[in-house]
>>> print(open('final_30.cif').read())   # mmCIF, C-alpha atoms and all ligand atoms
data_model
loop_
_atom_site.group_PDB
_atom_site.id
_atom_site.type_symbol
_atom_site.label_atom_id
_atom_site.label_comp_id
_atom_site.auth_asym_id
_atom_site.auth_seq_id
_atom_site.Cartn_x
_atom_site.Cartn_y
_atom_site.Cartn_z
ATOM 1 C CA MET A 1 99.587 111.404 86.537
ATOM 2 C CA ALA A 2 99.953 108.583 83.991
ATOM 3 C CA THR A 3 103.226 106.780 84.640
ATOM 4 C CA ASN A 4 102.950 104.185 81.855
ATOM 5 C CA ARG A 5 103.748 101.595 84.493
ATOM 6 C CA THR A 6 101.647 98.983 86.156
ATOM 7 C CA PHE A 7 102.141 96.328 88.810
ATOM 8 C CA THR A 8 101.275 92.661 88.466
ATOM 9 C CA MET A 9 101.854 89.424 90.305
ATOM 10 C CA ILE A 10 101.473 85.885 89.068
ATOM 11 C CA LYS A 11 99.489 84.190 91.848
ATOM 12 C CA PRO A 12 100.120 80.858 93.643
ATOM 13 C CA ASP A 13 97.782 78.784 91.442
ATOM 14 C CA ALA A 14 99.532 79.821 88.230
ATOM 15 C CA VAL A 15 103.027 79.454 89.712
ATOM 16 C CA ALA A 16 102.195 75.965 91.047
ATOM 17 C CA ALA A 17 100.749 74.932 87.684
ATOM 18 C CA GLY A 18 104.034 75.807 85.959
ATOM 19 C CA ASN A 19 102.620 78.749 84.026
ATOM 20 C CA ILE A 20 105.178 81.486 84.855
ATOM 21 C CA GLY A 21 106.854 81.122 81.460
ATOM 22 C CA ALA A 22 103.652 81.056 79.401
ATOM 23 C CA ILE A 23 102.200 84.064 81.212
ATOM 24 C CA THR A 24 105.435 86.072 81.035
ATOM 25 C CA LYS A 25 105.619 85.324 77.286
ATOM 26 C CA MET A 26 102.077 86.669 76.786
ATOM 27 C CA ILE A 27 102.929 89.808 78.769
ATOM 28 C CA GLN A 28 106.032 90.514 76.677
ATOM 29 C CA GLU A 29 104.339 89.685 73.372
ATOM 30 C CA ALA A 30 101.609 92.204 74.281
ATOM 31 C CA GLY A 31 104.304 94.898 74.335
ATOM 32 C CA PHE A 32 105.016 95.245 78.051
ATOM 33 C CA LYS A 33 108.627 95.690 79.179
ATOM 34 C CA ILE A 34 109.467 93.945 82.443
ATOM 35 C CA ILE A 35 111.151 96.568 84.642
ATOM 36 C CA ALA A 36 111.425 94.501 87.840
ATOM 37 C CA MET A 37 110.587 90.864 88.664
ATOM 38 C CA LYS A 38 111.217 88.320 91.423
ATOM 39 C CA MET A 39 109.826 85.146 92.940
ATOM 40 C CA THR A 40 108.814 85.414 96.578
ATOM 41 C CA LYS A 41 106.266 84.168 99.106
ATOM 42 C CA LEU A 42 103.929 86.259 101.272
ATOM 43 C CA SER A 43 103.091 85.528 104.885
ATOM 44 C CA ALA A 44 99.359 85.676 105.646
ATOM 45 C CA GLU A 45 100.037 88.946 107.469
ATOM 46 C CA ARG A 46 101.784 90.523 104.447
ATOM 47 C CA ALA A 47 99.033 89.257 102.134
ATOM 48 C CA GLY A 48 96.558 90.953 104.467
ATOM 49 C CA GLN A 49 98.491 94.206 104.201
ATOM 50 C CA PHE A 50 98.596 94.024 100.414
ATOM 51 C CA TYR A 51 94.831 93.419 100.183
ATOM 52 C CA ALA A 52 93.875 95.683 103.137
ATOM 53 C CA VAL A 53 91.433 97.536 100.865
ATOM 54 C CA HIS A 54 89.345 94.314 100.816
ATOM 55 C CA SER A 55 89.458 93.729 104.597
ATOM 56 C CA GLU A 56 85.692 94.168 105.002
ATOM 57 C CA ARG A 57 84.846 91.762 102.170
ATOM 58 C CA PRO A 58 83.583 88.253 102.998
ATOM 59 C CA PHE A 59 86.354 86.637 100.942
ATOM 60 C CA TYR A 60 89.202 88.522 102.677
ATOM 61 C CA ASN A 61 90.423 85.764 105.044
ATOM 62 C CA ASP A 62 90.319 83.103 102.321
ATOM 63 C CA LEU A 63 92.109 85.466 99.954
ATOM 64 C CA CYS A 64 94.914 86.043 102.478
ATOM 65 C CA SER A 65 95.288 82.275 103.083
ATOM 66 C CA TYR A 66 95.347 81.577 99.372
ATOM 67 C CA MET A 67 97.799 84.372 98.553
ATOM 68 C CA SER A 68 100.210 83.083 101.216
ATOM 69 C CA SER A 69 99.830 79.409 100.180
ATOM 70 C CA GLY A 70 102.699 79.371 97.691
ATOM 71 C CA ALA A 71 105.199 81.327 95.661
ATOM 72 C CA ILE A 72 104.183 84.399 93.684
ATOM 73 C CA VAL A 73 105.958 86.436 90.989
ATOM 74 C CA PRO A 74 105.496 90.206 91.372
ATOM 75 C CA MET A 75 106.569 92.447 88.486
ATOM 76 C CA ILE A 76 106.636 96.091 87.440
ATOM 77 C CA LEU A 77 105.700 96.538 83.783
ATOM 78 C CA GLU A 78 106.094 99.468 81.400
ATOM 79 C CA LYS A 79 104.048 100.318 78.295
ATOM 80 C CA ASP A 80 101.981 103.233 77.010
ATOM 81 C CA ASN A 81 98.607 103.160 78.793
ATOM 82 C CA ALA A 82 99.958 100.327 80.956
ATOM 83 C CA VAL A 83 97.234 100.054 83.615
ATOM 84 C CA GLU A 84 94.294 99.890 81.222
ATOM 85 C CA ASP A 85 96.011 97.760 78.566
ATOM 86 C CA PHE A 86 97.168 95.265 81.173
ATOM 87 C CA ARG A 87 93.684 94.865 82.619
ATOM 88 C CA THR A 88 92.459 94.144 79.099
ATOM 89 C CA LEU A 89 95.213 91.527 78.684
ATOM 90 C CA ILE A 90 94.338 89.701 81.919
ATOM 91 C CA GLY A 91 90.531 89.792 81.573
ATOM 92 C CA ALA A 92 87.765 89.944 84.163
ATOM 93 C CA THR A 93 88.356 88.979 87.818
ATOM 94 C CA ASN A 94 86.044 85.997 87.441
ATOM 95 C CA PRO A 95 87.573 83.692 84.815
ATOM 96 C CA LYS A 96 84.071 82.607 83.770
ATOM 97 C CA GLU A 97 83.582 86.189 82.572
ATOM 98 C CA ALA A 98 87.093 86.730 81.186
ATOM 99 C CA ALA A 99 87.243 87.290 77.419
ATOM 100 C CA GLU A 100 88.617 84.503 75.268
ATOM 101 C CA GLY A 101 92.403 84.564 74.969
ATOM 102 C CA THR A 102 92.953 86.652 78.103
ATOM 103 C CA ILE A 103 95.388 85.407 80.745
ATOM 104 C CA ARG A 104 92.631 84.614 83.236
ATOM 105 C CA ASN A 105 90.546 82.894 80.561
ATOM 106 C CA LEU A 106 93.509 80.659 79.733
ATOM 107 C CA PHE A 107 95.073 80.059 83.152
ATOM 108 C CA ALA A 108 92.781 80.974 86.103
ATOM 109 C CA GLU A 109 91.162 78.276 88.230
ATOM 110 C CA SER A 110 88.470 80.319 90.010
ATOM 111 C CA ILE A 111 87.449 83.851 91.012
ATOM 112 C CA GLU A 112 89.872 83.609 93.961
ATOM 113 C CA ALA A 113 92.687 81.595 92.337
ATOM 114 C CA ASN A 114 92.585 83.798 89.261
ATOM 115 C CA ALA A 115 96.195 83.443 88.097
ATOM 116 C CA ILE A 116 97.252 87.078 88.067
ATOM 117 C CA HIS A 117 96.741 90.512 89.605
ATOM 118 C CA GLY A 118 96.746 93.833 87.764
ATOM 119 C CA SER A 119 96.648 97.276 89.386
ATOM 120 C CA ASP A 120 93.475 99.290 88.815
ATOM 121 C CA SER A 121 95.031 102.795 88.703
ATOM 122 C CA ASP A 122 98.357 104.585 88.303
ATOM 123 C CA ASP A 123 98.344 105.481 91.991
ATOM 124 C CA ASN A 124 97.751 101.880 93.056
ATOM 125 C CA ALA A 125 100.367 100.641 90.580
ATOM 126 C CA PHE A 126 102.947 102.773 92.381
ATOM 127 C CA ILE A 127 101.736 101.793 95.867
ATOM 128 C CA GLU A 128 101.599 98.071 95.018
ATOM 129 C CA GLY A 129 104.933 98.110 93.183
ATOM 130 C CA SER A 130 106.566 99.819 96.157
ATOM 131 C CA PHE A 131 105.192 97.053 98.405
ATOM 132 C CA PHE A 132 107.567 94.584 96.702
ATOM 133 C CA PHE A 133 110.349 96.675 95.141
ATOM 134 C CA SER A 134 112.398 99.559 96.482
ATOM 135 C CA GLY A 135 114.261 102.219 94.520
ATOM 136 C CA LEU A 136 111.878 102.075 91.546
ATOM 137 C CA GLU A 137 113.166 105.411 90.239
ATOM 138 C CA GLN A 138 116.460 103.666 89.381
ATOM 139 C CA TYR A 139 114.843 101.490 86.710
HETATM 140 P P1 LIG A 201 92.696 90.761 92.330
HETATM 141 O O1 LIG A 201 92.481 91.432 91.040
HETATM 142 O O2 LIG A 201 94.087 90.413 92.736
HETATM 143 O O3 LIG A 201 92.046 91.665 93.487
HETATM 144 C C1 LIG A 201 91.371 91.175 94.595
HETATM 145 C C2 LIG A 201 91.281 89.679 94.608
HETATM 146 O O4 LIG A 201 90.285 89.156 95.454
HETATM 147 C C3 LIG A 201 90.854 89.201 93.222
HETATM 148 O O5 LIG A 201 91.867 89.393 92.296
HETATM 149 C C4 LIG A 201 90.487 87.776 93.521
HETATM 150 O O6 LIG A 201 91.629 86.945 93.672
HETATM 151 C C5 LIG A 201 89.816 87.952 94.883
HETATM 152 N N1 LIG A 201 88.357 88.066 94.760
HETATM 153 C C6 LIG A 201 87.652 89.070 94.223
HETATM 154 N N2 LIG A 201 86.340 88.833 94.295
HETATM 155 C C7 LIG A 201 86.209 87.641 94.898
HETATM 156 C C8 LIG A 201 85.089 86.848 95.277
HETATM 157 N N3 LIG A 201 83.832 87.248 95.038
HETATM 158 N N4 LIG A 201 85.328 85.668 95.887
HETATM 159 C C9 LIG A 201 86.584 85.274 96.125
HETATM 160 N N5 LIG A 201 87.693 85.992 95.804
HETATM 161 C C10 LIG A 201 87.505 87.154 95.190
#
>>> encode(input="final_30.cif", output="structure tokens", more="lines below")
Ligand code: CMP
Amino acid sequence: MATNRTFTMIKPDAVAAGNIGAITKMIQEAGFKIIAMKMTKLSAERAGQFYAVHSERPFYNDLCSYMSSGAIVPMILEKDNAVEDFRTLIGATNPKEAAEGTIRNLFAESIEANAIHGSDSDDNAFIEGSFFFSGLEQY
């Protein structure tokens, strides 16, 4: 079922570089409404839980270390066709392949430190959003 919601988080590289404001501005100017937002920090264990789907990948341990290395900003966003439109806005996982003007093209440092996450399906948007926010039906 399409929920018109997606989940994102601004990652430690982009937070440390002072890009929360610039990225949030791009998100809002692209027509997304911010439904929930906070700044927090993951332990390596919680990062591992969030990215459990990648646990067999060679980059998993580095990814968990990186994602727990500094503050992050998770958000729930709302817009028609939210999941697909948001993935277009952020660009490809590898910033070298991200289209010009996308968030990763502008702000990502590397394929790992790639500035921002975007859910890849409605189901995962709900699962990932629920990882950080409770009572989503109240928004
Ligand atoms: P994200 O979209 O949050 O989903 C999984 C994350 O794993 C991805 O962004 C990157 O941060 C990281 N990742 C994916 N592929 C690689 C890779 N080949 N090497 C290192 N990190 C990766």
>>> residues_near_ligand(input="final_30.cif", ligand="ligand LIG 201 (chain A)", cutoff="12 Å", atoms="all atoms listed in the file", output="PyMOL selection string")
chain A and resi 7-14+47-48+50-67+72+74+86-87+90-95+104+108-121+124+128
>>> residues_around(input="final_30.cif", residues="stretch 15-31 of chain A", least_positions_apart="5", cutoff="8 Å", atoms="only C-alpha atoms", output="list in words")
Ile10, Gly70, Ala71, Ile72, Val73, Lys79, Leu89, Ile103 and Phe107 of chain A
>>> residues_around(input="final_30.cif", residues="A:Thr6", least_positions_apart="6", cutoff="6 Å", atoms="all atoms listed in the file", output="list in words")
Ile76, Leu77, Ala82, Val83 and Ala125 of chain A
>>> atom_distance(input="final_30.cif", atom1="atom CA of A:Glu78", atom2="atom CA of A:Ser43")
27.5 Å
>>> atom_distance(input="final_30.cif", atom1="atom CA of A:Arg46", atom2="atom CA of A:Leu106")
27.9 Å
>>> atom_distance(input="final_30.cif", atom1="atom CA of A:Met39", atom2="atom CA of A:Asp123")
23.4 Å
>>> closest_residue(input="final_30.cif", among="A:Thr40, A:Asn81, A:Thr88, A:Gln49", to="A:Ser69", atoms="only C-alpha atoms")
A:Thr40
>>> closest_residue(input="final_30.cif", among="A:Glu45, A:Glu84, A:Glu137, A:Glu97", to="A:Asp122", atoms="all atoms listed in the file")
A:Glu84
